[in-house]
file my_file.cif (mmCIF, C-alpha atoms and all ligand atoms; chains and numbers go by the auth columns)
data_data
#
loop_
_atom_site.group_PDB
_atom_site.id
_atom_site.type_symbol
_atom_site.label_atom_id
_atom_site.label_comp_id
_atom_site.label_asym_id
_atom_site.label_seq_id
_atom_site.Cartn_x
_atom_site.Cartn_y
_atom_site.Cartn_z
_atom_site.B_iso_or_equiv
_atom_site.auth_seq_id
_atom_site.auth_asym_id
ATOM 1 C CA MET A 1 -10.322 50.897 -13.716 0.00 1 A
ATOM 2 C CA TYR A 2 -8.808 51.057 -10.246 0.00 2 A
ATOM 3 C CA ILE A 3 -5.853 53.164 -9.118 0.00 3 A
ATOM 4 C CA PRO A 4 -4.419 52.184 -5.721 0.00 4 A
ATOM 5 C CA PHE A 5 -3.916 55.215 -3.468 0.00 5 A
ATOM 6 C CA ARG A 6 -0.404 54.015 -2.673 0.00 6 A
ATOM 7 C CA HIS A 7 0.542 54.557 -6.325 0.00 7 A
ATOM 8 C CA VAL A 8 -0.380 58.253 -6.146 0.00 8 A
ATOM 9 C CA GLY A 9 2.392 60.617 -5.058 0.00 9 A
ATOM 10 C CA LYS A 10 2.853 64.327 -4.429 0.00 10 A
ATOM 11 C CA THR A 11 3.649 64.954 -8.080 0.00 11 A
ATOM 12 C CA PRO A 12 0.382 65.091 -10.020 0.00 12 A
ATOM 13 C CA GLN A 13 0.065 62.094 -12.301 0.00 13 A
ATOM 14 C CA SER A 14 -2.217 62.054 -15.272 0.00 14 A
ATOM 15 C CA PHE A 15 -4.875 59.488 -15.957 0.00 15 A
ATOM 16 C CA GLU A 16 -7.510 58.931 -18.570 0.00 16 A
ATOM 17 C CA HIS A 17 -10.597 56.825 -18.104 0.00 17 A
ATOM 18 C CA VAL A 18 -12.975 56.150 -20.971 0.00 18 A
ATOM 19 C CA ARG A 19 -16.369 54.616 -20.605 0.00 19 A
ATOM 20 C CA GLU A 20 -18.778 54.385 -23.500 0.00 20 A
ATOM 21 C CA ASP A 21 -18.948 57.909 -24.974 0.00 21 A
ATOM 22 C CA ILE A 22 -17.460 59.696 -21.969 0.00 22 A
ATOM 23 C CA THR A 23 -13.856 60.456 -21.160 0.00 23 A
ATOM 24 C CA LEU A 24 -12.640 61.465 -17.719 0.00 24 A
ATOM 25 C CA LYS A 25 -9.085 62.744 -17.799 0.00 25 A
ATOM 26 C CA GLY A 26 -6.940 64.787 -15.515 0.00 26 A
ATOM 27 C CA THR A 27 -4.464 64.429 -12.701 0.00 27 A
ATOM 28 C CA LEU A 28 -4.288 62.779 -9.304 0.00 28 A
ATOM 29 C CA SER A 29 -2.020 63.873 -6.486 0.00 29 A
ATOM 30 C CA HIS A 30 -1.450 63.155 -2.818 0.00 30 A
ATOM 31 C CA LYS A 31 -2.265 66.157 -0.631 0.00 31 A
ATOM 32 C CA GLU A 32 -1.632 65.028 2.934 0.00 32 A
ATOM 33 C CA GLY A 33 -2.411 62.063 5.131 0.00 33 A
ATOM 34 C CA ALA A 34 -5.198 60.100 3.516 0.00 34 A
ATOM 35 C CA LEU A 35 -6.326 63.010 1.350 0.00 35 A
ATOM 36 C CA PHE A 36 -5.892 62.976 -2.412 0.00 36 A
ATOM 37 C CA GLN A 37 -6.897 65.470 -5.038 0.00 37 A
ATOM 38 C CA MET A 38 -8.396 64.875 -8.449 0.00 38 A
ATOM 39 C CA LYS A 39 -8.526 67.621 -11.032 0.00 39 A
ATOM 40 C CA ALA A 40 -10.184 66.434 -14.171 0.00 40 A
ATOM 41 C CA VAL A 41 -12.341 67.230 -17.134 0.00 41 A
ATOM 42 C CA MET A 42 -15.260 65.091 -18.207 0.00 42 A
ATOM 43 C CA GLU A 43 -15.986 65.209 -21.914 0.00 43 A
ATOM 44 C CA GLY A 44 -18.245 63.343 -24.247 0.00 44 A
ATOM 45 C CA ARG A 45 -21.827 62.682 -25.132 0.00 45 A
ATOM 46 C CA LEU A 46 -24.566 61.804 -22.674 0.00 46 A
ATOM 47 C CA SER A 47 -28.189 60.908 -23.265 0.00 47 A
ATOM 48 C CA VAL A 48 -30.561 62.689 -20.869 0.00 48 A
ATOM 49 C CA ALA A 49 -34.332 62.962 -20.555 0.00 49 A
ATOM 50 C CA CYS A 50 -36.090 66.257 -21.201 0.00 50 A
ATOM 51 C CA ASP A 51 -37.845 67.485 -18.053 0.00 51 A
ATOM 52 C CA ILE A 52 -40.785 68.760 -20.085 0.00 52 A
ATOM 53 C CA CYS A 53 -41.605 66.084 -22.670 0.00 53 A
ATOM 54 C CA ALA A 54 -39.454 63.195 -21.316 0.00 54 A
ATOM 55 C CA GLU A 55 -37.842 62.776 -24.732 0.00 55 A
ATOM 56 C CA GLN A 56 -34.281 61.418 -24.616 0.00 56 A
ATOM 57 C CA PHE A 57 -31.687 63.610 -26.246 0.00 57 A
ATOM 58 C CA ASP A 58 -27.909 63.956 -26.267 0.00 58 A
ATOM 59 C CA ILE A 59 -25.951 66.672 -24.547 0.00 59 A
ATOM 60 C CA MET A 60 -22.248 67.323 -24.947 0.00 60 A
ATOM 61 C CA LEU A 61 -20.285 67.245 -21.731 0.00 61 A
ATOM 62 C CA ASP A 62 -17.395 69.527 -20.928 0.00 62 A
ATOM 63 C CA ASP A 63 -17.262 69.697 -17.154 0.00 63 A
ATOM 64 C CA LYS A 64 -14.453 70.498 -14.777 0.00 64 A
ATOM 65 C CA ILE A 65 -14.242 68.145 -11.832 0.00 65 A
ATOM 66 C CA ASP A 66 -12.301 69.083 -8.741 0.00 66 A
ATOM 67 C CA LEU A 67 -12.612 66.457 -6.032 0.00 67 A
ATOM 68 C CA LEU A 68 -10.960 65.491 -2.801 0.00 68 A
ATOM 69 C CA LEU A 69 -10.651 61.750 -2.312 0.00 69 A
ATOM 70 C CA PHE A 70 -10.129 60.134 1.035 0.00 70 A
ATOM 71 C CA ASP A 71 -8.552 56.747 1.582 0.00 71 A
ATOM 72 C CA GLY A 72 -10.884 55.184 4.151 0.00 72 A
ATOM 73 C CA ILE A 73 -13.755 56.603 6.188 0.00 73 A
ATOM 74 C CA TYR A 74 -13.659 60.367 6.589 0.00 74 A
ATOM 75 C CA SER A 75 -14.809 61.238 10.103 0.00 75 A
ATOM 76 C CA SER A 76 -14.745 64.995 10.563 0.00 76 A
ATOM 77 C CA SER A 77 -17.603 66.502 8.594 0.00 77 A
ATOM 78 C CA ASP A 78 -17.512 70.123 9.699 0.00 78 A
ATOM 79 C CA ASN A 79 -15.050 71.660 7.238 0.00 79 A
ATOM 80 C CA GLY A 80 -17.523 71.963 4.402 0.00 80 A
ATOM 81 C CA LEU A 81 -15.330 70.107 1.943 0.00 81 A
ATOM 82 C CA ASP A 82 -16.807 67.790 -0.592 0.00 82 A
ATOM 83 C CA ILE A 83 -14.922 64.571 0.011 0.00 83 A
ATOM 84 C CA VAL A 84 -15.385 61.238 -1.689 0.00 84 A
ATOM 85 C CA GLU A 85 -14.479 58.231 0.434 0.00 85 A
ATOM 86 C CA MET A 86 -12.828 55.302 -1.303 0.00 86 A
ATOM 87 C CA ASP A 87 -11.422 52.160 0.184 0.00 87 A
ATOM 88 C CA ASP A 88 -7.720 51.600 -0.598 0.00 88 A
ATOM 89 C CA LYS A 89 -8.086 52.355 -4.307 0.00 89 A
ATOM 90 C CA ILE A 90 -9.708 54.890 -6.575 0.00 90 A
ATOM 91 C CA ASP A 91 -12.653 53.405 -8.429 0.00 91 A
ATOM 92 C CA MET A 92 -12.787 55.390 -11.674 0.00 92 A
ATOM 93 C CA ASP A 93 -15.990 53.729 -12.841 0.00 93 A
ATOM 94 C CA GLU A 94 -17.754 54.713 -9.646 0.00 94 A
ATOM 95 C CA LEU A 95 -16.477 58.309 -9.839 0.00 95 A
ATOM 96 C CA LEU A 96 -17.504 58.638 -13.463 0.00 96 A
ATOM 97 C CA TYR A 97 -20.885 57.073 -12.737 0.00 97 A
ATOM 98 C CA SER A 98 -21.635 59.421 -9.832 0.00 98 A
ATOM 99 C CA GLU A 99 -20.628 62.488 -11.886 0.00 99 A
ATOM 100 C CA VAL A 100 -22.848 61.317 -14.735 0.00 100 A
ATOM 101 C CA GLU A 101 -25.757 60.766 -12.327 0.00 101 A
ATOM 102 C CA LEU A 102 -25.271 64.311 -10.994 0.00 102 A
ATOM 103 C CA ILE A 103 -25.544 65.721 -14.495 0.00 103 A
ATOM 104 C CA LYS A 104 -28.551 63.539 -15.309 0.00 104 A
ATOM 105 C CA SER A 105 -30.324 64.877 -12.220 0.00 105 A
ATOM 106 C CA ASP A 106 -29.893 68.457 -13.453 0.00 106 A
ATOM 107 C CA TYR A 107 -32.695 70.205 -15.264 0.00 107 A
ATOM 108 C CA HIS A 108 -32.631 69.420 -18.994 0.00 108 A
ATOM 109 C CA ARG A 109 -34.767 70.760 -21.774 0.00 109 A
ATOM 110 C CA CYS A 110 -34.694 69.413 -25.322 0.00 110 A
ATOM 111 C CA GLU A 111 -34.435 71.684 -28.338 0.00 111 A
ATOM 112 C CA GLN A 112 -38.163 71.627 -29.134 0.00 112 A
ATOM 113 C CA CYS A 113 -39.124 72.476 -25.571 0.00 113 A
ATOM 114 C CA SER A 114 -36.497 75.231 -25.404 0.00 114 A
ATOM 115 C CA GLU A 115 -38.188 76.868 -28.369 0.00 115 A
ATOM 116 C CA LYS A 116 -41.587 76.808 -26.713 0.00 116 A
ATOM 117 C CA ASP A 117 -42.524 79.501 -24.150 0.00 117 A
ATOM 118 C CA LEU A 118 -39.960 81.862 -22.601 0.00 118 A
HETATM 119 ZN ZN ZN B . -38.682 68.321 -24.470 0.00 201 B
#
call {"tool": "encode", "arguments": {"input": "my_file.cif", "output": "structure tokens", "more": "lines below"}}
Ligand SMILES: [Zn+2]
result
Amino acid sequence: MYIPFRHVGKTPQSFEHVREDITLKGTLSHKEGALFQMKAVMEGRLSVACDICAEQFDIMLDDKIDLLLFDGIYSSSDNGLDIVEMDDKIDMDELLYSEVELIKSDYHRCEQCSEKDL
């Protein structure tokens, strides 16, 4: 799903993007210039690999996502903001995919391994 930046105004508009077992829903609004804000929640089920035994298991997602989106190439990099560059339109699949990859790269431990040691 794509949402053109020009369709996003100052008044937050809600969106919902579903892909497989994961739902990304929230609001988009125009902040200033080429900057846009996304406030969303990602919910659903995701299969991850245990870092100890490599077994795949499901985790339930319930993550707040607060992102700044930039229409074009963002040049100044010294304000410490986490900005996602997009060209002309918001690519929901790409956003969802990168959030999912972030979670997958976290440390995960399956139930059996959680019961061992500690
Ligand atoms: Zn394990």
call {"tool": "atom_distance", "arguments": {"input": "my_file.cif", "atom1": "CA of Gly9 in chain A", "atom2": "CA of Met38 in chain A"}}
result
12.1 Å
call {"tool": "resolve_selection", "arguments": {"input": "my_file.cif", "expression": "the PyMOL selection byres (((not hetatm)) within 9 of (chain B and resi 201))", "output": "VMD selection string"}}
result
chain A and resid 49 to 57 108 to 114
call {"tool": "atom_distance", "arguments": {"input": "my_file.cif", "atom1": "CA of Val100 in chain A", "atom2": "CA of Val84 in chain A"}}
result
15.0 Å
call {"tool": "atom_distance", "arguments": {"input": "my_file.cif", "atom1": "CA of Ile83 in chain A", "atom2": "CA of Gln37 in chain A"}}
result
9.5 Å
call {"tool": "residues_around", "arguments": {"input": "my_file.cif", "residues": "Val8 in chain A", "least_positions_apart": "3", "cutoff": "7 Å", "atoms": "all atoms listed in the file", "output": "list in words"}}
result
Phe5, Leu28, Ser29 and His30 of chain A
call {"tool": "residues_near_point", "arguments": {"input": "my_file.cif", "point": "(-26.7, 63.2, -14.1)", "cutoff": "12 Å", "atoms": "all atoms listed in the file", "output": "ChimeraX atom specification"}}
result
/A:46-49,59,61,63,96-108
call {"tool": "write_last_selection", "arguments": {"input": "my_file.cif", "atoms": "C-alpha atoms", "output": "PDB file, in the frame of the given file"}}
result
ATOM      1  CA  LEU A  46     -24.566  61.804 -22.674  1.00  0.00           C
ATOM      2  CA  SER A  47     -28.189  60.908 -23.265  1.00  0.00           C
ATOM      3  CA  VAL A  48     -30.561  62.689 -20.869  1.00  0.00           C
ATOM      4  CA  ALA A  49     -34.332  62.962 -20.555  1.00  0.00           C
ATOM      5  CA  ILE A  59     -25.951  66.672 -24.547  1.00  0.00           C
ATOM      6  CA  LEU A  61     -20.285  67.245 -21.731  1.00  0.00           C
ATOM      7  CA  ASP A  63     -17.262  69.697 -17.154  1.00  0.00           C
ATOM      8  CA  LEU A  96     -17.504  58.638 -13.463  1.00  0.00           C
ATOM      9  CA  TYR A  97     -20.885  57.073 -12.737  1.00  0.00           C
ATOM     10  CA  SER A  98     -21.635  59.421  -9.832  1.00  0.00           C
ATOM     11  CA  GLU A  99     -20.628  62.488 -11.886  1.00  0.00           C
ATOM     12  CA  VAL A 100     -22.848  61.317 -14.735  1.00  0.00           C
ATOM     13  CA  GLU A 101     -25.757  60.766 -12.327  1.00  0.00           C
ATOM     14  CA  LEU A 102     -25.271  64.311 -10.994  1.00  0.00           C
ATOM     15  CA  ILE A 103     -25.544  65.721 -14.495  1.00  0.00           C
ATOM     16  CA  LYS A 104     -28.551  63.539 -15.309  1.00  0.00           C
ATOM     17  CA  SER A 105     -30.324  64.877 -12.220  1.00  0.00           C
ATOM     18  CA  ASP A 106     -29.893  68.457 -13.453  1.00  0.00           C
ATOM     19  CA  TYR A 107     -32.695  70.205 -15.264  1.00  0.00           C
ATOM     20  CA  HIS A 108     -32.631  69.420 -18.994  1.00  0.00           C
TER      21      HIS A 108
END
call {"tool": "resolve_selection", "arguments": {"input": "my_file.cif", "expression": "the PyMOL selection byres (((chain A and resi 40) around 6) and not hetatm)", "output": "count of residues only"}}
result
6
